[in-house]
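Here's the structure, in structure tokens; my notes come after.
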Amino acid sequence: MPTVAPLDLEGHCLAAVFLGDVPHFALADGTIHRLDHGHKTVQANDGMLAAFHDAANDRLITGGEDGKIFAVTAGGNTAELAAAGKKWITSVAAGPQGAVAYASGKIAYVRFADSKTREFSHPRSVEGLAFSPKGMRFGVARYNGATLHFPAADGKPVELEWAGAHTGITFSPDGGFVVTAMQENALHGWKLADGKHMRMSGYPGKVKSLSWSAKGKWLASSGAPAAIVWPFSGKDGPMGKAPLELGTRGNAMVTSVACHPSQDVVAIGYDDGMVMAVRFADAREVLLRRPGKGAITSMMWDKEERRVAFGSAAGDCGVIDISA
């Protein structure tokens with residue numbers, strides 16, 4: 001049976017991540033807690049609204065009500081990367097070559113590694129940000145679709161239209177697909193080579209968590225009593241294909257998903273605090289954590305693939321060791 005090292009905190013956990021091999025937990029009040037030979041704390045934003053794990057640089061990017069963007073690295077070191085005055089920073093993302101994107105209102109900003117910053121204005125508010133894994137390109141989720149920018153060049157952006165409010169965005173690991181989460185209970189996707197649409201609907205709740213499998217052949221999502229896992233192995237992605245439904249429970253909703261770093265396995269967090277790991281091939285389930293306090297809001301596997309950090313909306317955080 002996996003063992004759980006609990007960390008009971010006060011407040012909503014926005015991000016549970018490993019920096020180095022140390023678990024860090026970022027809370028909505030801007031504190032970053034870590035389990036590093038004891039429980040240690042540093043302060044980043046004064047009121048945190050967004051956090052993104054920058055895997056390439058082993059850091060956590062945060063933005064908040066104070067209009068500041070911080071980079072947090074292993075050991076709890078915090079550095080201010082940028083500031084947008086008195087504006088709330090509602091979304092952050094990290095990309096190639098040390099670039100960071102952040103959004104406030106209708107403007108998305110890209111800060112390059114040399115500290116130069118570019119602004120990209122939109123007709124409506126920017127709801128989500130993501131960088132493509134291929135080349136310097138980033139996407140903005142907005143009302144009625146998504147916009148793809150090339151921040152290092154002066155070319156025209158690519159507009160991807162679909163009616164409705166788009167609240168989150170992700171690129172597939174091969175850069176071939178863009179998927180957005182919507183205000184309605186659905187995902188929408190575009191195949192970038194030809195602009196084909198993918199409508200992924202039928203969710204009973206809003207999709208707030210997305211995670212690509214190790215090789216990018218699957219996209220796991222929350223928003224249902226099971227993890228809904230869409231196949232992206234074919235050239236047209238999930239068009240005309242049914243998703244896997246993993247870890248189905250009759251009385252709980254999936255609120256967070258985190259795919260395993262190398263295997264076709266997904267960690268699934270529920271609104272009652274339970275965490276389960278499920279294998280794609282045969283839907284075999286392993287209970288990782290019994291129900292606790294608050295919905296699971298964030299999870300991440302460590303590099304050794306034996307621990308899962310988790311956080312909840314009620315500050316019920318911890319680390320699951322599956323090698324125990």
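Chain labels A, B, ... are given in the sequence in which chains occur in the structure tokens; within each chain residues are numbered consecutively from 1, and ligands are likewise numbered from 1 in the order shown.
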
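Close contacts of Phe138 in chain A, defined as residues with an atom at most 6 Å away when counting only C-alpha atoms, with chain neighbours fewer than 6 positions off set aside, comprise Ala130, Phe131, Ser132, Leu148 and His149 of chain A.
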
Item to complete: Just the strand (DSSP E) stuff from range 224-268 of chain A, please, per backbone DSSP, written as a list in words.
Response: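 Answer for range 224-268 of chain A restricted to strand (DSSP E) is Ala227, Ile228, Val229, Trp230, Pro231, Leu244, Glu245, Leu246, Val254, Thr255, Ser256, Val257, Ala258, Cys259, Val265, Val266, Ala267 and Ile268 of chain A.
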
Item to complete: Name all residues at most 12 Å from range 174-177 of chain A (count only C-alpha atoms; drop same-chain ones fewer than 5 positions away) and give them as a ChimeraX atom specification.
Response: /A:130-139,148,160,169,188-198,212-219,232-239

Let me see the file: selected residues, N, CA and C atoms, as a short mmCIF file (atom, residue, chain, number, x, y, z; two decimals), in the first residue's frame.
```
data_model
loop_
_atom_site.label_atom_id
_atom_site.label_comp_id
_atom_site.auth_asym_id
_atom_site.auth_seq_id
_atom_site.Cartn_x
_atom_site.Cartn_y
_atom_site.Cartn_z
N ALA A 130 -0.51 29.15 -23.31
CA ALA A 130 0.34 27.96 -23.43
C ALA A 130 1.34 28.18 -24.55
N PHE A 131 2.54 27.65 -24.36
CA PHE A 131 3.55 27.66 -25.42
C PHE A 131 3.52 26.34 -26.18
N SER A 132 3.81 26.42 -27.47
CA SER A 132 4.00 25.21 -28.25
C SER A 132 5.35 24.61 -27.90
N PRO A 133 5.43 23.26 -27.84
CA PRO A 133 6.74 22.64 -27.59
C PRO A 133 7.68 22.77 -28.79
N LYS A 134 7.15 23.17 -29.95
CA LYS A 134 7.97 23.28 -31.16
C LYS A 134 8.07 24.74 -31.58
N GLY A 135 9.25 25.31 -31.49
CA GLY A 135 9.45 26.68 -31.94
C GLY A 135 8.89 27.69 -30.96
N MET A 136 9.18 28.97 -31.20
CA MET A 136 8.73 30.03 -30.31
C MET A 136 7.33 30.48 -30.75
N ARG A 137 6.34 29.79 -30.24
CA ARG A 137 4.95 30.13 -30.57
C ARG A 137 4.11 29.96 -29.31
N PHE A 138 3.18 30.87 -29.07
CA PHE A 138 2.32 30.66 -27.91
C PHE A 138 0.87 30.93 -28.26
N GLY A 139 -0.01 30.27 -27.50
CA GLY A 139 -1.43 30.33 -27.77
C GLY A 139 -2.17 31.02 -26.64
N LEU A 148 -2.93 32.20 -31.97
CA LEU A 148 -1.54 31.74 -31.88
C LEU A 148 -0.61 32.86 -32.35
N LEU A 160 -7.90 30.93 -34.51
CA LEU A 160 -8.65 29.67 -34.52
C LEU A 160 -10.02 29.97 -33.91
N ILE A 169 -5.92 26.41 -22.38
CA ILE A 169 -5.35 25.99 -23.66
C ILE A 169 -4.12 25.13 -23.44
N HIS A 188 -12.44 21.76 -26.99
CA HIS A 188 -12.43 21.93 -28.44
C HIS A 188 -10.99 21.83 -28.91
N GLY A 189 -10.82 21.21 -30.08
CA GLY A 189 -9.46 21.05 -30.60
C GLY A 189 -9.35 21.44 -32.05
N TRP A 190 -8.14 21.79 -32.45
CA TRP A 190 -7.83 22.08 -33.84
C TRP A 190 -6.59 21.29 -34.24
N LYS A 191 -6.65 20.70 -35.43
CA LYS A 191 -5.45 20.10 -36.02
C LYS A 191 -4.77 21.22 -36.81
N LEU A 192 -3.55 21.60 -36.39
CA LEU A 192 -2.95 22.81 -36.95
C LEU A 192 -2.58 22.67 -38.42
N ALA A 193 -2.31 21.45 -38.88
CA ALA A 193 -1.89 21.27 -40.28
C ALA A 193 -2.99 21.68 -41.26
N ASP A 194 -4.24 21.41 -40.91
CA ASP A 194 -5.32 21.72 -41.85
C ASP A 194 -6.50 22.47 -41.21
N GLY A 195 -6.38 22.81 -39.93
CA GLY A 195 -7.45 23.56 -39.27
C GLY A 195 -8.69 22.76 -38.94
N LYS A 196 -8.63 21.45 -39.08
CA LYS A 196 -9.80 20.62 -38.75
C LYS A 196 -10.18 20.77 -37.29
N HIS A 197 -11.49 20.73 -37.03
CA HIS A 197 -12.01 20.88 -35.68
C HIS A 197 -12.21 19.52 -34.99
N MET A 198 -12.05 19.53 -33.69
CA MET A 198 -12.36 18.35 -32.86
C MET A 198 -13.24 18.81 -31.72
N TRP A 212 -1.20 15.54 -20.74
CA TRP A 212 -0.80 14.68 -21.87
C TRP A 212 0.01 13.49 -21.37
N SER A 213 -0.22 12.35 -22.00
CA SER A 213 0.58 11.17 -21.66
C SER A 213 2.01 11.35 -22.14
N ALA A 214 2.90 10.48 -21.66
CA ALA A 214 4.35 10.63 -21.89
C ALA A 214 4.70 10.82 -23.36
N LYS A 215 4.10 10.04 -24.24
CA LYS A 215 4.44 10.12 -25.67
C LYS A 215 3.43 10.96 -26.44
N GLY A 216 2.50 11.58 -25.72
CA GLY A 216 1.54 12.47 -26.38
C GLY A 216 0.42 11.76 -27.12
N LYS A 217 0.27 10.45 -26.87
CA LYS A 217 -0.78 9.71 -27.59
C LYS A 217 -2.15 9.82 -26.91
N TRP A 218 -2.17 10.35 -25.70
CA TRP A 218 -3.43 10.45 -24.96
C TRP A 218 -3.50 11.81 -24.25
N LEU A 219 -4.72 12.35 -24.13
CA LEU A 219 -4.96 13.56 -23.35
C LEU A 219 -5.99 13.23 -22.27
N PHE A 232 -4.97 10.45 -29.16
CA PHE A 232 -4.37 11.36 -30.12
C PHE A 232 -3.29 10.66 -30.96
N SER A 233 -3.36 9.32 -31.04
CA SER A 233 -2.29 8.60 -31.75
C SER A 233 -2.46 8.67 -33.26
N GLY A 234 -3.70 8.76 -33.75
CA GLY A 234 -3.91 8.84 -35.20
C GLY A 234 -3.66 10.24 -35.73
N LYS A 235 -3.60 10.37 -37.06
CA LYS A 235 -3.27 11.67 -37.64
C LYS A 235 -4.36 12.72 -37.42
N ASP A 236 -5.59 12.27 -37.17
CA ASP A 236 -6.69 13.21 -36.93
C ASP A 236 -7.08 13.26 -35.45
N GLY A 237 -6.22 12.79 -34.56
CA GLY A 237 -6.52 12.87 -33.14
C GLY A 237 -7.77 12.10 -32.78
N PRO A 238 -8.62 12.65 -31.92
CA PRO A 238 -9.77 11.90 -31.42
C PRO A 238 -11.01 11.94 -32.32
N MET A 239 -10.87 12.53 -33.51
CA MET A 239 -12.04 12.64 -34.38
C MET A 239 -12.65 11.26 -34.66
#
```

Worksheet item: In terms of the shortest atom-to-atom distance over only C-alpha atoms, which of A:Val22, A:Leu129, A:Met48, A:Val278 is closest to Gly76 in chain A?
Response: A:Val22

Worksheet item: For the atom pair CA of Arg284 in chain A and CA of Thr248 in chain A, what is the interatomic distance in Å to one decimal place?
Response: 11.4 Å

Fill in: range 293-305 of chain A environment, 8 Å, only C-alpha atoms, sequence neighbours closer than 3 positions dropped, as a VMD selection string
chain A and resid 13 to 18 21 255 to 258 260 to 261 267 269 to 275 308 to 316

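Minimum atom-to-atom distances from A:Leu187, A:Phe120, A:Glu127, A:Pro2 to Pro157 in chain A were compared using only C-alpha atoms, and the lowest value belongs to A:Phe120.
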
Worksheet entry | Counting only C-alpha atoms, the residue of A:Lys116, A:Lys241, A:Lys206, A:Arg289 that sits nearest Met253 in chain A |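 So, comparing all the options, the nearest one is A:Lys206.
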
Worksheet item: Quick one: residues within 9 Å of range 180-182 of chain A, only C-alpha atoms counted, chain neighbours fewer than 3 positions away excluded, as a PyMOL selection string?
Response: chain A and resi 128+141+145-146+164-171+185-190+206-210

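Taking CA of Ala220 in chain A and CA of Leu288 in chain A as the two end points, the separation is 18.0 Å.
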
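For the pair CA of Ile89 in chain A and CA of Val72 in chain A, the separation is 16.2 Å.
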
Worksheet item: Pick the closest to Trp230 in chain A from A:Val42, A:Val254, A:Ile268, A:Met200: which is it, counting only C-alpha atoms?
Response: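 Smallest separation from Trp230 in chain A among the options: A:Met200.
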
Worksheet entry | Contacts of Val4 in chain A at 10 Å (only C-alpha atoms; same-chain gap of 3+ positions) as a ChimeraX atom specification | /A:1,7,288-290,307-309,317-322,324

Export all heavy atoms of the chosen residues as a compact mmCIF listing (two decimals), in the first residue's frame?
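Wrote it out as result.txt, contents follow:
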```
# COMPACT_ATOMS: atom_id res chain seq x y z
N MET A 1 0.85 -1.19 0.00
CA MET A 1 0.00 0.00 0.00
C MET A 1 0.89 1.25 0.00
O MET A 1 1.84 1.34 0.77
CB MET A 1 -0.86 -0.03 1.27
CG MET A 1 -1.80 1.16 1.44
SD MET A 1 -3.21 1.14 0.33
CE MET A 1 -3.86 2.78 0.58
N LEU A 7 0.62 17.09 4.64
CA LEU A 7 1.01 18.46 5.00
C LEU A 7 -0.28 19.28 5.04
O LEU A 7 -0.86 19.59 4.01
CB LEU A 7 1.99 19.04 3.97
CG LEU A 7 2.49 20.47 4.26
CD1 LEU A 7 3.25 20.54 5.57
CD2 LEU A 7 3.36 20.97 3.12
N LEU A 288 -4.29 5.32 -4.20
CA LEU A 288 -3.08 5.99 -3.69
C LEU A 288 -3.35 6.74 -2.40
O LEU A 288 -2.48 6.87 -1.55
CB LEU A 288 -2.53 6.96 -4.73
CG LEU A 288 -2.07 6.38 -6.07
CD1 LEU A 288 -1.43 7.47 -6.92
CD2 LEU A 288 -1.11 5.22 -5.88
N ARG A 289 -4.58 7.26 -2.26
CA ARG A 289 -4.92 8.02 -1.06
C ARG A 289 -6.42 7.96 -0.84
O ARG A 289 -7.20 8.13 -1.77
CB ARG A 289 -4.49 9.48 -1.24
CG ARG A 289 -4.84 10.36 -0.04
CD ARG A 289 -4.54 11.82 -0.32
NE ARG A 289 -4.69 12.62 0.88
CZ ARG A 289 -5.63 13.55 1.05
NH1 ARG A 289 -6.52 13.78 0.10
NH2 ARG A 289 -5.70 14.25 2.18
N ARG A 290 -6.80 7.74 0.39
CA ARG A 290 -8.22 7.72 0.74
C ARG A 290 -8.77 9.15 0.73
O ARG A 290 -8.01 10.12 0.79
CB ARG A 290 -8.42 7.09 2.12
CG ARG A 290 -7.94 5.65 2.18
CD ARG A 290 -8.28 4.97 3.50
NE ARG A 290 -7.61 3.68 3.58
CZ ARG A 290 -7.98 2.60 2.91
NH1 ARG A 290 -9.03 2.66 2.09
NH2 ARG A 290 -7.32 1.48 3.02
N ARG A 307 6.96 8.98 -6.51
CA ARG A 307 6.19 9.83 -5.60
C ARG A 307 5.24 10.74 -6.39
O ARG A 307 5.55 11.14 -7.52
CB ARG A 307 7.12 10.70 -4.75
CG ARG A 307 7.97 9.93 -3.75
CD ARG A 307 8.84 10.87 -2.93
NE ARG A 307 9.78 11.59 -3.78
CZ ARG A 307 10.39 12.73 -3.43
NH1 ARG A 307 10.14 13.28 -2.25
NH2 ARG A 307 11.25 13.31 -4.24
N VAL A 308 4.11 11.06 -5.76
CA VAL A 308 3.15 12.00 -6.32
C VAL A 308 2.88 13.07 -5.26
O VAL A 308 2.48 12.76 -4.14
CB VAL A 308 1.82 11.30 -6.69
CG1 VAL A 308 0.81 12.32 -7.21
CG2 VAL A 308 2.05 10.20 -7.72
N ALA A 309 3.12 14.34 -5.62
CA ALA A 309 2.75 15.45 -4.75
C ALA A 309 1.32 15.85 -5.10
O ALA A 309 0.93 15.83 -6.27
CB ALA A 309 3.68 16.64 -4.97
N CYS A 317 -2.65 18.88 1.73
CA CYS A 317 -1.58 18.56 0.78
C CYS A 317 -0.76 17.37 1.27
O CYS A 317 -0.96 16.88 2.38
CB CYS A 317 -0.66 19.77 0.61
SG CYS A 317 -1.52 21.28 0.07
N GLY A 318 0.19 16.94 0.46
CA GLY A 318 1.07 15.87 0.88
C GLY A 318 1.80 15.19 -0.26
O GLY A 318 1.73 15.65 -1.42
N VAL A 319 2.50 14.13 0.08
CA VAL A 319 3.27 13.36 -0.88
C VAL A 319 2.94 11.89 -0.71
O VAL A 319 2.97 11.35 0.40
CB VAL A 319 4.80 13.57 -0.70
CG1 VAL A 319 5.58 12.76 -1.71
CG2 VAL A 319 5.14 15.06 -0.80
N ILE A 320 2.60 11.24 -1.83
CA ILE A 320 2.31 9.81 -1.84
C ILE A 320 3.54 9.08 -2.35
O ILE A 320 4.06 9.42 -3.42
CB ILE A 320 1.12 9.49 -2.77
CG1 ILE A 320 -0.13 10.28 -2.33
CG2 ILE A 320 0.83 7.99 -2.79
CD1 ILE A 320 -1.18 10.40 -3.42
N ASP A 321 4.02 8.11 -1.59
CA ASP A 321 5.16 7.28 -2.02
C ASP A 321 4.62 5.93 -2.45
O ASP A 321 4.11 5.16 -1.65
CB ASP A 321 6.15 7.11 -0.87
CG ASP A 321 7.46 6.49 -1.34
OD1 ASP A 321 7.44 5.74 -2.35
OD2 ASP A 321 8.51 6.75 -0.70
N ILE A 322 4.66 5.67 -3.78
CA ILE A 322 4.07 4.41 -4.28
C ILE A 322 5.07 3.25 -4.25
O ILE A 322 4.70 2.12 -4.51
CB ILE A 322 3.53 4.58 -5.71
CG1 ILE A 322 4.63 5.01 -6.69
CG2 ILE A 322 2.38 5.58 -5.74
CD1 ILE A 322 4.18 5.03 -8.12
N ALA A 324 6.53 2.33 -1.53
CA ALA A 324 6.53 1.80 -0.17
C ALA A 324 5.90 0.41 -0.12
O ALA A 324 5.05 0.09 -0.92
CB ALA A 324 5.75 2.74 0.75
```
